[in-house]
Amino acid sequence: MLKQCEGSVAIAESVALCRPEVICAYPITPQTHIVEGLGLLVKSGKLKSCEYINVESEFAAMSVAIGASACGARAYTATASQGILYMAEAIYNASGLGLPIVMTVGNRSIGAPINIWNDHTDSMALRDAGWIQLYAESNQEAVDLHIQAFRLGEALSLPVMVCVDGFILTHAYERVDVPSQEQVDAYLPRFEPRQVVDPDEPVTIGAMVGPEAFMEVRYLAHARQMQALELIPELAAEFRGAFGRDSGGLLHTYRSEDAETIVVALGSVNGTIKDVVDEMRAEGVKIGSVAICSFRPFPSAALAGALGHAARVVVVEKSLSVGIGGNVSHNLKMALAGRATRVHAVIAGLGGRAITMASLKKVFRRAIEDRLEAVSFLDLNMEVVNRQLERERLERRPGPAAEAILRDLAGAGVGVGAGANGKGGAR
Amino acid sequence: MTGPNRVRFYQTGTFTVGNRLLDVSVGSVQSDAERNNSLNSGHRACQGCGEALGARYALDAAMRAVDGRLVVANATGCLEVFSTPYPESSWRVAWLHSLFANAASVATGMAAAMKVKGRRDVRVIAQGGDGGTVDIGFACLSGMFERNDDVLYICYDNEAYMNTGVQRSSATPAAARTATTPAAGDQPGNVFGQGKSVPLIAMAHGIPYVGTASVADLRDLEYKVGRAMAIRGARYLHVHVPCPLGWGCPTGDTIKVARLAAESGLFPIFEAEAGEVTGRRLIRRPVRAEEYLKTQTRFAHLFNPKRDEARLALIQRIADRNIERFGLVEQEAVA
Ligand SMILES: Cc1ncc(C[n+]2csc(CCOP(=O)(O)OP(=O)(O)O)c2C)c(N)n1
Ligand code: SF4
Ligand SMILES: [Mg+2]
């Protein structure tokens, strides 16, 4: 059914259509509206046969989901930012145990400095945890990916994160087609677990494993993700047949077939990138873009196929692998190993900084002129950074850096930070 | 004391009573040839491990109480490690180990799954050591209590982090030597005035049932597990389980040491319903705290090279306070 609604509400409805049996809720911006929406659906009786549990932390949320999933229940939770780190240990555990939990991540930065706005630092921090990671480009795709996520995860006995840009998607009102219960029921079969904790067939799950078998058990998770590389496009194709639209899959290409320059990104920023591509195409530039939907498993072969002909690839990344540069570009270089394609990482939008078409266009031009560095930072105010570095050079104790930078910006008449209202100054 | 101990049987020199004198319905679960053997032989616990003993009795009693309809969540710790070196397992119950801190939450999830699937006959136990319960697992435990989830949590308290080599936990008693509270300096061993009573904190949550028990009285442990399994909602059992390796006592003295802890008042044995104490295990032959302390090398510095009278008195005061607080000694025995 077509409706105009907030992304979080649409996601909640989509999750409810998947008939989760246990939902664990713990609030963190910008995920709150999703679990609130689900709470209402359960409490009002619209979502039946579902236990909605208000837990005391994200660590507990994932742990409750682990217990529920291990007993054969379809389990769901949602988190973001600090929350995903708080549950990190249990995130690894869920995948190690092979439990097909589905979790929405309302992508948000990680502090310090504390910041509620969007980037991908949170889910990227857990990229190697053994979960499948799907990134939604729009709210429609977010709705659809959740339905595919339960199907995919349960088929492979692996947990799935559906990553949805905080605020940009979670809080955006857009037109969304929410499918019917019949459609979802036809696409998503009942959960048949591979293993269960059950007194009728008592087994030991979670035993201590030494060096003699640990490699093999770990490798199994990798092998399953390699299977997911096959299954994800199949499920997306089946989804297209059943629901009549393209959603999910390993990646989406846009005007990239003959492109010399291809921009690669995850999530909602692809909308902006496509607009820039259109503008530059109109100017005669051979540019296109590729949205990676499945970051784990990483679609190396599909990317090599989609990018191999390009002279250069510009990866717009919403996370920073501190000390090296980009996470996505790093992975991409593996996929393009042995090819002449140049790969540039452009770190952009950290902590919610707007990624504007004008700035993107400038950086793509630089790339085309072969003037773009291997790693660069979109709209980074280097003067402010340099002034802070200078303060630190001159003084042993210049005080907290974030506050000093806010004061600096306020003094320069740029921002409204803590320094400006007199609350933030340490000195 | 409620339950079977209401009738006292005294035999010469012991406080035990032969099971053959009892009706089968009140006979111990362990005396039953048909018992489940939930924690089967072949595990790798040290000789005389109180935790292995306690877990075996507790789970067999639970299995009997719920007719085998049981699933178990286990925290990381000695109990988990010695029972499941892959691919061997000593568990003859449906058993899941996830992490160190989350057994209570995992159990909440299990109970939720059973409820939503209409399998209310399947009951859930979470279990872990003192570290996994009173320290790192405390938030999950409190959350499970507060929501009144249908879980019995059993803490096997051996008063330190044993699996990692005997480090202090917040259940480690004053003066005890551990690897992180060494018997060095002018205040050797664990600091005084720290730690907490998780049974009392559990009671403050107002949950339906809280009990303490000890391997000193295995019938009482079995009874309390049975009592707990007859109740729905969040329940807590805190079981005192000597660790010969960590405490420095002979492996044959586990029960004796546990008994001295109870009889000195240092480990009060009681039960509570809905936040009110409803029963206590009376001390039959009160002993001085030092009789207990002397049995373990972790307290050796209190006696050698010379008696530490001041700190022995402080510990005696802790025991006296417990006896008074929980009414552990019958009035005539005091008089
Ligand atoms: C998050 C985390 N921190 C630390 C450890 C290391 N660790 C494993 S078992 C254990 C000690 C367990 O102590 P306790 O819960 O008292 O059980 P015991 O071994 O004494 O029976 C520790 C510290 C761990 N596995 N996970
Ligand atoms: S160290 Fe202690 S608790 Fe651990 S197995 Fe040995 S006796 Fe038992
Ligand atoms: Mg311990």
# chains A, B, ... in the order shown; residues from 1 in each chain; ligands from 1
$ residues_near_ligand --ligand "ligand 3" --cutoff "7 Å" --atoms "only C-alpha atoms and all ligand atoms" --output "PyMOL selection string"
chain B and resi 129-131+157-162
$ write_last_selection --atoms "all heavy atoms" --output "JSON list (two decimals), in the first residue's frame"
[["chain", "number", "residue", "atom", "x", "y", "z"],
["B", 129, "GLY", "N", 29.07, -18.21, 37.58],
["B", 129, "GLY", "CA", 29.87, -18.03, 38.79],
["B", 129, "GLY", "C", 29.58, -16.69, 39.43],
["B", 129, "GLY", "O", 28.79, -15.89, 38.92],
["B", 130, "ASP", "N", 30.26, -16.42, 40.54],
["B", 130, "ASP", "CA", 30.01, -15.13, 41.21],
["B", 130, "ASP", "C", 30.45, -13.96, 40.33],
["B", 130, "ASP", "O", 29.75, -12.95, 40.25],
["B", 130, "ASP", "CB", 30.73, -15.08, 42.56],
["B", 130, "ASP", "CG", 32.19, -15.48, 42.48],
["B", 130, "ASP", "OD1", 32.46, -16.66, 42.16],
["B", 130, "ASP", "OD2", 33.07, -14.63, 42.70],
["B", 131, "GLY", "N", 31.56, -14.10, 39.63],
["B", 131, "GLY", "CA", 32.01, -13.00, 38.78],
["B", 131, "GLY", "C", 30.99, -12.70, 37.69],
["B", 131, "GLY", "O", 30.63, -11.55, 37.46],
["B", 157, "ASP", "N", 28.71, -19.46, 43.91],
["B", 157, "ASP", "CA", 29.62, -18.47, 44.48],
["B", 157, "ASP", "C", 30.85, -19.15, 45.08],
["B", 157, "ASP", "O", 30.78, -19.73, 46.16],
["B", 157, "ASP", "CB", 28.86, -17.68, 45.55],
["B", 157, "ASP", "CG", 29.72, -16.60, 46.19],
["B", 157, "ASP", "OD1", 30.87, -16.40, 45.74],
["B", 157, "ASP", "OD2", 29.24, -15.97, 47.15],
["B", 158, "ASN", "N", 31.96, -19.08, 44.36],
["B", 158, "ASN", "CA", 33.21, -19.57, 44.92],
["B", 158, "ASN", "C", 34.14, -18.41, 45.27],
["B", 158, "ASN", "O", 35.33, -18.58, 45.46],
["B", 158, "ASN", "CB", 33.89, -20.60, 44.00],
["B", 158, "ASN", "CG", 34.04, -20.07, 42.59],
["B", 158, "ASN", "OD1", 34.07, -18.85, 42.37],
["B", 158, "ASN", "ND2", 34.15, -20.97, 41.63],
["B", 159, "GLU", "N", 33.55, -17.24, 45.31],
["B", 159, "GLU", "CA", 34.16, -16.05, 45.93],
["B", 159, "GLU", "C", 35.39, -15.52, 45.21],
["B", 159, "GLU", "O", 36.23, -14.87, 45.83],
["B", 159, "GLU", "CB", 34.45, -16.32, 47.42],
["B", 159, "GLU", "CG", 33.18, -16.72, 48.17],
["B", 159, "GLU", "CD", 33.37, -16.86, 49.67],
["B", 159, "GLU", "OE1", 34.50, -17.12, 50.11],
["B", 159, "GLU", "OE2", 32.38, -16.68, 50.39],
["B", 160, "ALA", "N", 35.51, -15.81, 43.91],
["B", 160, "ALA", "CA", 36.57, -15.19, 43.11],
["B", 160, "ALA", "C", 36.40, -15.63, 41.65],
["B", 160, "ALA", "O", 35.59, -16.50, 41.34],
["B", 160, "ALA", "CB", 37.96, -15.58, 43.60],
["B", 161, "TYR", "N", 37.17, -14.99, 40.80],
["B", 161, "TYR", "CA", 37.24, -15.39, 39.39],
["B", 161, "TYR", "C", 38.17, -16.58, 39.30],
["B", 161, "TYR", "O", 39.38, -16.43, 39.16],
["B", 161, "TYR", "CB", 37.79, -14.25, 38.54],
["B", 161, "TYR", "CG", 36.88, -13.05, 38.43],
["B", 161, "TYR", "CD1", 37.05, -11.94, 39.26],
["B", 161, "TYR", "CD2", 35.85, -13.02, 37.50],
["B", 161, "TYR", "CE1", 36.23, -10.84, 39.16],
["B", 161, "TYR", "CE2", 35.02, -11.92, 37.39],
["B", 161, "TYR", "CZ", 35.21, -10.84, 38.22],
["B", 161, "TYR", "OH", 34.39, -9.75, 38.12],
["B", 162, "MET", "N", 37.62, -17.79, 39.37],
["B", 162, "MET", "CA", 38.49, -18.96, 39.42],
["B", 162, "MET", "C", 39.02, -19.34, 38.04],
["B", 162, "MET", "O", 40.19, -19.67, 37.91],
["B", 162, "MET", "CB", 37.71, -20.13, 40.02],
["B", 162, "MET", "CG", 37.34, -19.91, 41.47],
["B", 162, "MET", "SD", 38.74, -19.28, 42.42],
["B", 162, "MET", "CE", 38.00, -19.03, 44.03]]
$ interface_residues --of "chain A" --to "chain B" --cutoff "8 Å" --atoms "only C-alpha atoms" --output "PDB file with C-alpha atoms, in the first residue's frame"
ATOM      1  CA  GLU A  21       8.368 -13.465  17.607  1.00  0.00           C
ATOM      2  CA  VAL A  22      10.718 -11.649  19.968  1.00  0.00           C
ATOM      3  CA  SER A  49       2.369 -13.759  18.792  1.00  0.00           C
ATOM      4  CA  CYS A  50       5.230 -11.446  19.580  1.00  0.00           C
ATOM      5  CA  GLU A  51       7.063 -10.802  22.837  1.00  0.00           C
ATOM      6  CA  VAL A  55      15.642  -4.434  28.002  1.00  0.00           C
ATOM      7  CA  GLU A  56      18.125  -2.512  30.128  1.00  0.00           C
ATOM      8  CA  PHE A  59      24.125  -5.673  25.309  1.00  0.00           C
ATOM      9  CA  ALA A  60      21.019  -7.228  26.829  1.00  0.00           C
ATOM     10  CA  ALA A  61      19.020  -6.558  23.656  1.00  0.00           C
ATOM     11  CA  SER A  63      21.689 -11.262  24.319  1.00  0.00           C
ATOM     12  CA  VAL A  64      17.926 -11.671  24.628  1.00  0.00           C
ATOM     13  CA  ALA A  65      17.776 -11.996  20.844  1.00  0.00           C
ATOM     14  CA  ILE A  66      20.472 -14.684  21.048  1.00  0.00           C
ATOM     15  CA  GLY A  67      18.505 -16.687  23.622  1.00  0.00           C
ATOM     16  CA  ALA A  68      15.277 -16.325  21.673  1.00  0.00           C
ATOM     17  CA  SER A  69      16.813 -17.189  18.324  1.00  0.00           C
ATOM     18  CA  ALA A  70      18.613 -20.195  19.787  1.00  0.00           C
ATOM     19  CA  CYS A  71      15.218 -21.460  20.932  1.00  0.00           C
ATOM     20  CA  GLY A  72      13.875 -21.144  17.410  1.00  0.00           C
ATOM     21  CA  ALA A  73      12.093 -17.801  17.629  1.00  0.00           C
ATOM     22  CA  ALA A  90      27.137 -10.157  21.668  1.00  0.00           C
ATOM     23  CA  ASN A  93      28.571 -14.108  19.509  1.00  0.00           C
ATOM     24  CA  VAL A 197      17.919 -25.452  22.386  1.00  0.00           C
ATOM     25  CA  ASP A 198      15.093 -27.837  23.084  1.00  0.00           C
ATOM     26  CA  PRO A 199      14.464 -30.310  25.917  1.00  0.00           C
ATOM     27  CA  ASP A 200      13.065 -32.756  23.363  1.00  0.00           C
ATOM     28  CA  GLU A 201      16.459 -33.010  21.686  1.00  0.00           C
ATOM     29  CA  PRO A 202      18.974 -31.740  24.212  1.00  0.00           C
ATOM     30  CA  VAL A 203      22.217 -30.523  22.653  1.00  0.00           C
ATOM     31  CA  THR A 204      25.140 -28.462  23.899  1.00  0.00           C
ATOM     32  CA  ILE A 205      25.534 -25.173  22.026  1.00  0.00           C
ATOM     33  CA  GLY A 206      28.399 -22.749  22.593  1.00  0.00           C
ATOM     34  CA  ALA A 207      31.068 -25.225  23.664  1.00  0.00           C
ATOM     35  CA  MET A 208      34.678 -24.244  24.142  1.00  0.00           C
ATOM     36  CA  VAL A 209      36.622 -24.820  20.919  1.00  0.00           C
ATOM     37  CA  GLY A 210      40.413 -25.011  20.833  1.00  0.00           C
TER      38      GLY A 210
END
$ closest_residue --among "A:Pro193, A:Ser81, A:Tyr86, A:Tyr254" --to "ligand 1" --atoms "only C-alpha atoms and all ligand atoms"
A:Tyr86
$ residues_around --residues "Val315 of chain A" --least-positions-apart "6" --cutoff "7 Å" --atoms "only C-alpha atoms" --output "PyMOL selection string"
chain A and resi 263-265+329+344-346
$ write_last_selection --atoms "C-alpha atoms" --output "mmCIF file, in the first residue's frame"
data_model
loop_
_atom_site.group_PDB
_atom_site.id
_atom_site.type_symbol
_atom_site.label_atom_id
_atom_site.label_comp_id
_atom_site.auth_asym_id
_atom_site.auth_seq_id
_atom_site.Cartn_x
_atom_site.Cartn_y
_atom_site.Cartn_z
ATOM 1 C CA VAL A 263 31.601 6.981 -7.918
ATOM 2 C CA VAL A 264 31.005 4.271 -5.323
ATOM 3 C CA ALA A 265 29.119 4.753 -2.075
ATOM 4 C CA SER A 329 38.025 1.866 -0.706
ATOM 5 C CA HIS A 344 40.368 7.446 -4.431
ATOM 6 C CA ALA A 345 38.864 7.545 -0.985
ATOM 7 C CA VAL A 346 36.877 10.652 -0.167
#
$ select_by_dssp --residues "segment 223-330 of chain B" --states "alpha helix (DSSP H)" --output "PyMOL selection string"
chain B and resi 223-229+244-247+254-264+289-293+309-326
$ residues_around --residues "Asp128 of chain A" --least-positions-apart "4" --cutoff "12 Å" --atoms "only C-alpha atoms" --output "VMD selection string"
chain A and resid 88 91 to 92 95 to 96 123 to 124 132 to 133 218 221 to 222 225 295 to 298 327 331
$ write_last_selection --atoms "N, CA and C atoms" --output "mmCIF file, in the first residue's frame"
data_model
loop_
_atom_site.group_PDB
_atom_site.id
_atom_site.type_symbol
_atom_site.label_atom_id
_atom_site.label_comp_id
_atom_site.auth_asym_id
_atom_site.auth_seq_id
_atom_site.Cartn_x
_atom_site.Cartn_y
_atom_site.Cartn_z
ATOM 1 N N ALA A 88 28.698 -4.968 21.159
ATOM 2 C CA ALA A 88 29.655 -5.549 20.209
ATOM 3 C C ALA A 88 29.977 -7.016 20.514
ATOM 4 N N ILE A 91 27.295 -9.186 19.436
ATOM 5 C CA ILE A 91 27.144 -9.202 17.974
ATOM 6 C C ILE A 91 28.034 -10.306 17.390
ATOM 7 N N TYR A 92 29.270 -10.338 17.842
ATOM 8 C CA TYR A 92 30.165 -11.422 17.396
ATOM 9 C C TYR A 92 29.614 -12.780 17.810
ATOM 10 N N SER A 95 26.768 -14.173 15.533
ATOM 11 C CA SER A 95 27.200 -14.729 14.246
ATOM 12 C C SER A 95 28.007 -15.999 14.465
ATOM 13 N N GLY A 96 28.819 -16.026 15.522
ATOM 14 C CA GLY A 96 29.585 -17.237 15.815
ATOM 15 C C GLY A 96 28.681 -18.424 16.064
ATOM 16 N N SER A 123 28.289 0.997 12.061
ATOM 17 C CA SER A 123 28.208 -0.340 11.455
ATOM 18 C C SER A 123 29.563 -0.780 10.902
ATOM 19 N N MET A 124 30.369 0.193 10.444
ATOM 20 C CA MET A 124 31.700 -0.166 9.939
ATOM 21 C C MET A 124 32.580 -0.773 11.038
ATOM 22 N N ILE A 132 25.967 -10.335 7.950
ATOM 23 C CA ILE A 132 25.699 -9.763 6.643
ATOM 24 C C ILE A 132 25.320 -8.306 6.882
ATOM 25 N N GLN A 133 25.840 -7.421 6.042
ATOM 26 C CA GLN A 133 25.506 -5.993 6.178
ATOM 27 C C GLN A 133 24.929 -5.478 4.871
ATOM 28 N N ARG A 218 35.289 -20.838 12.246
ATOM 29 C CA ARG A 218 35.335 -19.460 11.763
ATOM 30 C C ARG A 218 35.181 -19.421 10.240
ATOM 31 N N ALA A 221 31.722 -19.452 8.777
ATOM 32 C CA ALA A 221 31.009 -18.173 8.685
ATOM 33 C C ALA A 221 31.361 -17.500 7.363
ATOM 34 N N HIS A 222 32.638 -17.579 6.993
ATOM 35 C CA HIS A 222 33.086 -16.996 5.724
ATOM 36 C C HIS A 222 32.437 -17.742 4.546
ATOM 37 N N GLN A 225 29.001 -16.665 4.066
ATOM 38 C CA GLN A 225 28.888 -15.342 3.421
ATOM 39 C C GLN A 225 29.185 -15.460 1.925
ATOM 40 N N PHE A 295 27.558 -4.832 1.763
ATOM 41 C CA PHE A 295 28.962 -4.562 2.087
ATOM 42 C C PHE A 295 29.624 -5.797 2.689
ATOM 43 N N ARG A 296 28.825 -6.613 3.398
ATOM 44 C CA ARG A 296 29.279 -7.927 3.867
ATOM 45 C C ARG A 296 28.184 -8.912 3.524
ATOM 46 N N PRO A 297 28.393 -9.904 2.698
ATOM 47 C CA PRO A 297 29.669 -10.160 2.020
ATOM 48 C C PRO A 297 29.997 -9.060 1.013
ATOM 49 N N PHE A 298 31.289 -8.849 0.806
ATOM 50 C CA PHE A 298 31.716 -7.808 -0.120
ATOM 51 C C PHE A 298 31.668 -8.371 -1.540
ATOM 52 N N ASN A 327 37.446 2.687 4.636
ATOM 53 C CA ASN A 327 37.148 1.261 4.790
ATOM 54 C C ASN A 327 36.701 0.647 3.475
ATOM 55 N N ASN A 331 38.633 -2.140 0.807
ATOM 56 C CA ASN A 331 38.043 -3.397 0.339
ATOM 57 C C ASN A 331 37.988 -3.432 -1.190
#
$ residues_near_ligand --ligand "ligand 2" --cutoff "10 Å" --atoms "only C-alpha atoms and all ligand atoms" --output "JSON, numbers by chain"
{"B": [43, 44, 45, 46, 47, 48, 49, 50, 51, 52, 53, 77, 78, 79, 80, 81, 82, 83, 129, 156, 157, 158, 159, 160, 161, 162, 163, 164, 165, 166, 241, 242, 243, 244, 245, 246, 247, 248, 251, 254]}
$ select_by_dssp --residues "segment 249-379 of chain A" --states "strand (DSSP E or B)" --output "tab-separated table (two decimals) with N, CA, C and O atoms, in the first residue's frame"
chain	number	residue	atom	x	y	z
A	251	LEU	N	24.62	-4.87	-5.64
A	251	LEU	CA	24.91	-3.46	-5.92
A	251	LEU	C	23.95	-2.94	-6.97
A	251	LEU	O	23.27	-3.72	-7.66
A	252	HIS	N	23.87	-1.63	-7.08
A	252	HIS	CA	23.07	-0.98	-8.12
A	252	HIS	C	24.00	-0.12	-8.95
A	252	HIS	O	24.79	0.65	-8.39
A	253	THR	N	23.90	-0.21	-10.26
A	253	THR	CA	24.73	0.65	-11.12
A	253	THR	C	23.86	1.77	-11.67
A	253	THR	O	22.65	1.61	-11.85
A	254	TYR	N	24.49	2.89	-11.91
A	254	TYR	CA	23.77	4.04	-12.48
A	254	TYR	C	24.65	4.72	-13.52
A	254	TYR	O	25.71	5.26	-13.19
A	261	THR	N	34.77	7.55	-15.14
A	261	THR	CA	34.87	7.83	-13.71
A	261	THR	C	33.62	7.25	-13.05
A	261	THR	O	32.50	7.55	-13.48
A	262	ILE	N	33.83	6.43	-12.04
A	262	ILE	CA	32.67	5.85	-11.35
A	262	ILE	C	32.77	6.16	-9.86
A	262	ILE	O	33.82	5.98	-9.23
A	263	VAL	N	31.67	6.65	-9.35
A	263	VAL	CA	31.60	6.98	-7.92
A	263	VAL	C	30.95	5.80	-7.20
A	263	VAL	O	29.93	5.28	-7.66
A	264	VAL	N	31.55	5.40	-6.10
A	264	VAL	CA	31.01	4.27	-5.32
A	264	VAL	C	30.65	4.77	-3.92
A	264	VAL	O	31.41	5.54	-3.32
A	265	ALA	N	29.51	4.36	-3.44
A	265	ALA	CA	29.12	4.75	-2.07
A	265	ALA	C	28.10	3.77	-1.52
A	265	ALA	O	27.56	2.93	-2.24
A	266	LEU	N	27.88	3.87	-0.20
A	266	LEU	CA	26.87	3.06	0.48
A	266	LEU	C	25.75	3.98	0.95
A	266	LEU	O	26.01	5.08	1.43
A	287	ILE	N	30.66	9.94	-16.57
A	287	ILE	CA	30.68	9.58	-15.15
A	287	ILE	C	29.44	8.76	-14.82
A	287	ILE	O	28.38	8.92	-15.46
A	288	GLY	N	29.58	7.86	-13.88
A	288	GLY	CA	28.45	7.06	-13.44
A	288	GLY	C	28.63	6.72	-11.97
A	288	GLY	O	29.58	7.18	-11.32
A	289	SER	N	27.75	5.91	-11.42
A	289	SER	CA	27.92	5.56	-10.01
A	289	SER	C	27.48	4.12	-9.74
A	289	SER	O	26.72	3.53	-10.52
A	290	VAL	N	28.00	3.60	-8.65
A	290	VAL	CA	27.64	2.26	-8.20
A	290	VAL	C	27.32	2.34	-6.71
A	290	VAL	O	28.14	2.82	-5.91
A	291	ALA	N	26.12	1.92	-6.33
A	291	ALA	CA	25.76	1.84	-4.91
A	291	ALA	C	26.00	0.42	-4.44
A	291	ALA	O	25.46	-0.53	-5.02
A	292	ILE	N	26.81	0.28	-3.41
A	292	ILE	CA	27.01	-1.06	-2.84
A	292	ILE	C	25.88	-1.31	-1.85
A	292	ILE	O	25.72	-0.56	-0.88
A	294	SER	N	25.25	-4.68	-0.59
A	294	SER	CA	25.80	-5.68	0.32
A	294	SER	C	27.27	-5.36	0.57
A	294	SER	O	28.11	-5.57	-0.31
A	295	PHE	N	27.56	-4.83	1.76
A	295	PHE	CA	28.96	-4.56	2.09
A	295	PHE	C	29.62	-5.80	2.69
A	295	PHE	O	30.81	-6.02	2.54
A	296	ARG	N	28.83	-6.61	3.40
A	296	ARG	CA	29.28	-7.93	3.87
A	296	ARG	C	28.18	-8.91	3.52
A	296	ARG	O	27.08	-8.77	4.04
A	312	ARG	N	39.04	5.48	-13.29
A	312	ARG	CA	39.17	5.83	-11.88
A	312	ARG	C	37.86	5.59	-11.14
A	312	ARG	O	36.77	5.68	-11.74
A	313	VAL	N	38.02	5.29	-9.86
A	313	VAL	CA	36.87	5.09	-8.99
A	313	VAL	C	37.01	6.03	-7.80
A	313	VAL	O	38.08	6.09	-7.19
A	314	VAL	N	35.99	6.77	-7.53
A	314	VAL	CA	36.00	7.67	-6.37
A	314	VAL	C	35.03	7.08	-5.34
A	314	VAL	O	33.83	6.96	-5.62
A	315	VAL	N	35.55	6.71	-4.21
A	315	VAL	CA	34.70	6.12	-3.18
A	315	VAL	C	34.34	7.19	-2.17
A	315	VAL	O	35.22	7.75	-1.51
A	316	VAL	N	33.06	7.49	-2.07
A	316	VAL	CA	32.61	8.47	-1.07
A	316	VAL	C	32.25	7.68	0.18
A	316	VAL	O	31.32	6.89	0.19
A	317	GLU	N	33.02	7.91	1.24
A	317	GLU	CA	32.92	7.06	2.43
A	317	GLU	C	32.47	7.84	3.64
A	317	GLU	O	33.06	8.86	3.98
A	321	SER	N	38.69	5.08	8.58
A	321	SER	CA	39.53	4.10	9.25
A	321	SER	C	40.77	4.87	9.69
A	321	SER	O	41.70	5.09	8.90
A	325	GLY	N	42.68	5.62	6.31
A	325	GLY	CA	41.80	6.30	5.36
A	325	GLY	C	40.44	5.67	5.28
A	325	GLY	O	39.69	5.70	6.25
A	342	ARG	N	42.45	3.54	-10.90
A	342	ARG	CA	42.88	4.27	-9.71
A	342	ARG	C	41.70	4.36	-8.73
A	342	ARG	O	40.56	4.55	-9.14
A	343	VAL	N	41.99	4.19	-7.45
A	343	VAL	CA	40.94	4.26	-6.44
A	343	VAL	C	41.22	5.42	-5.49
A	343	VAL	O	42.31	5.51	-4.92
A	344	HIS	N	40.24	6.32	-5.35
A	344	HIS	CA	40.37	7.45	-4.43
A	344	HIS	C	39.35	7.29	-3.31
A	344	HIS	O	38.19	6.99	-3.57
A	345	ALA	N	39.80	7.52	-2.10
A	345	ALA	CA	38.86	7.54	-0.99
A	345	ALA	C	38.55	9.00	-0.65
A	345	ALA	O	39.47	9.80	-0.43
A	346	VAL	N	37.28	9.31	-0.60
A	346	VAL	CA	36.88	10.65	-0.17
A	346	VAL	C	36.05	10.48	1.10
A	346	VAL	O	34.94	9.95	1.07
A	347	ILE	N	36.64	10.86	2.21
A	347	ILE	CA	35.93	10.73	3.49
A	347	ILE	C	34.98	11.91	3.60
A	347	ILE	O	35.41	13.08	3.51
A	375	VAL	N	43.65	9.68	-0.55
A	375	VAL	CA	42.68	9.85	0.53
A	375	VAL	C	42.46	11.35	0.72
A	375	VAL	O	43.43	12.10	0.89
A	376	SER	N	41.21	11.78	0.68
A	376	SER	CA	40.94	13.19	0.94
A	376	SER	C	39.68	13.30	1.79
A	376	SER	O	38.95	12.33	1.98
A	377	PHE	N	39.47	14.51	2.31
A	377	PHE	CA	38.38	14.73	3.26
A	377	PHE	C	37.49	15.84	2.73
A	377	PHE	O	37.95	16.98	2.58
$ residues_around --residues "Gly189 of chain B" --least-positions-apart "5" --cutoff "12 Å" --atoms "only C-alpha atoms" --output "list in words"
Gln167, Arg168, Thr172, Pro173, Ala174, Ala175, Ala176, Arg177, Thr178, Ala179, Thr180, Thr181, Pro182, Ala183, Ala184, Thr297, Arg298, Phe299, Ala300, His301, Leu302 and Arg311 of chain B
$ residues_around --residues "segment 205-207 of chain B" --least-positions-apart "3" --cutoff "7 Å" --atoms "only C-alpha atoms" --output "PDB file with N, CA and C atoms, in the first residue's frame"
ATOM      1  N   PHE B 145      15.525  -9.561  36.672  1.00  0.00           N
ATOM      2  CA  PHE B 145      14.740  -9.510  37.920  1.00  0.00           C
ATOM      3  C   PHE B 145      13.624  -8.481  37.793  1.00  0.00           C
ATOM      4  N   GLU B 146      14.019  -7.298  37.384  1.00  0.00           N
ATOM      5  CA  GLU B 146      13.093  -6.158  37.367  1.00  0.00           C
ATOM      6  C   GLU B 146      11.895  -6.434  36.456  1.00  0.00           C
ATOM      7  N   ASN B 148      10.757  -9.280  35.956  1.00  0.00           N
ATOM      8  CA  ASN B 148      10.131 -10.495  36.487  1.00  0.00           C
ATOM      9  C   ASN B 148      10.022 -11.582  35.416  1.00  0.00           C
ATOM     10  N   ILE B 201      20.083  -7.771  47.420  1.00  0.00           N
ATOM     11  CA  ILE B 201      19.741  -6.879  46.299  1.00  0.00           C
ATOM     12  C   ILE B 201      18.643  -7.517  45.454  1.00  0.00           C
ATOM     13  N   ALA B 202      18.729  -8.826  45.285  1.00  0.00           N
ATOM     14  CA  ALA B 202      17.669  -9.530  44.537  1.00  0.00           C
ATOM     15  C   ALA B 202      16.331  -9.340  45.251  1.00  0.00           C
ATOM     16  N   ALA B 234      10.768 -14.231  38.089  1.00  0.00           N
ATOM     17  CA  ALA B 234      12.213 -14.198  38.315  1.00  0.00           C
ATOM     18  C   ALA B 234      12.548 -14.765  39.689  1.00  0.00           C
ATOM     19  N   ARG B 235      13.477 -15.686  39.705  1.00  0.00           N
ATOM     20  CA  ARG B 235      13.896 -16.305  40.958  1.00  0.00           C
ATOM     21  C   ARG B 235      15.415 -16.350  41.007  1.00  0.00           C
ATOM     22  N   ALA B 274       8.903 -12.636  47.763  1.00  0.00           N
ATOM     23  CA  ALA B 274       8.417 -11.271  47.517  1.00  0.00           C
ATOM     24  C   ALA B 274       9.122 -10.259  48.422  1.00  0.00           C
ATOM     25  N   GLY B 275      10.402 -10.455  48.624  1.00  0.00           N
ATOM     26  CA  GLY B 275      11.186  -9.472  49.363  1.00  0.00           C
ATOM     27  C   GLY B 275      11.223  -9.663  50.867  1.00  0.00           C
TER      28      GLY B 275
END
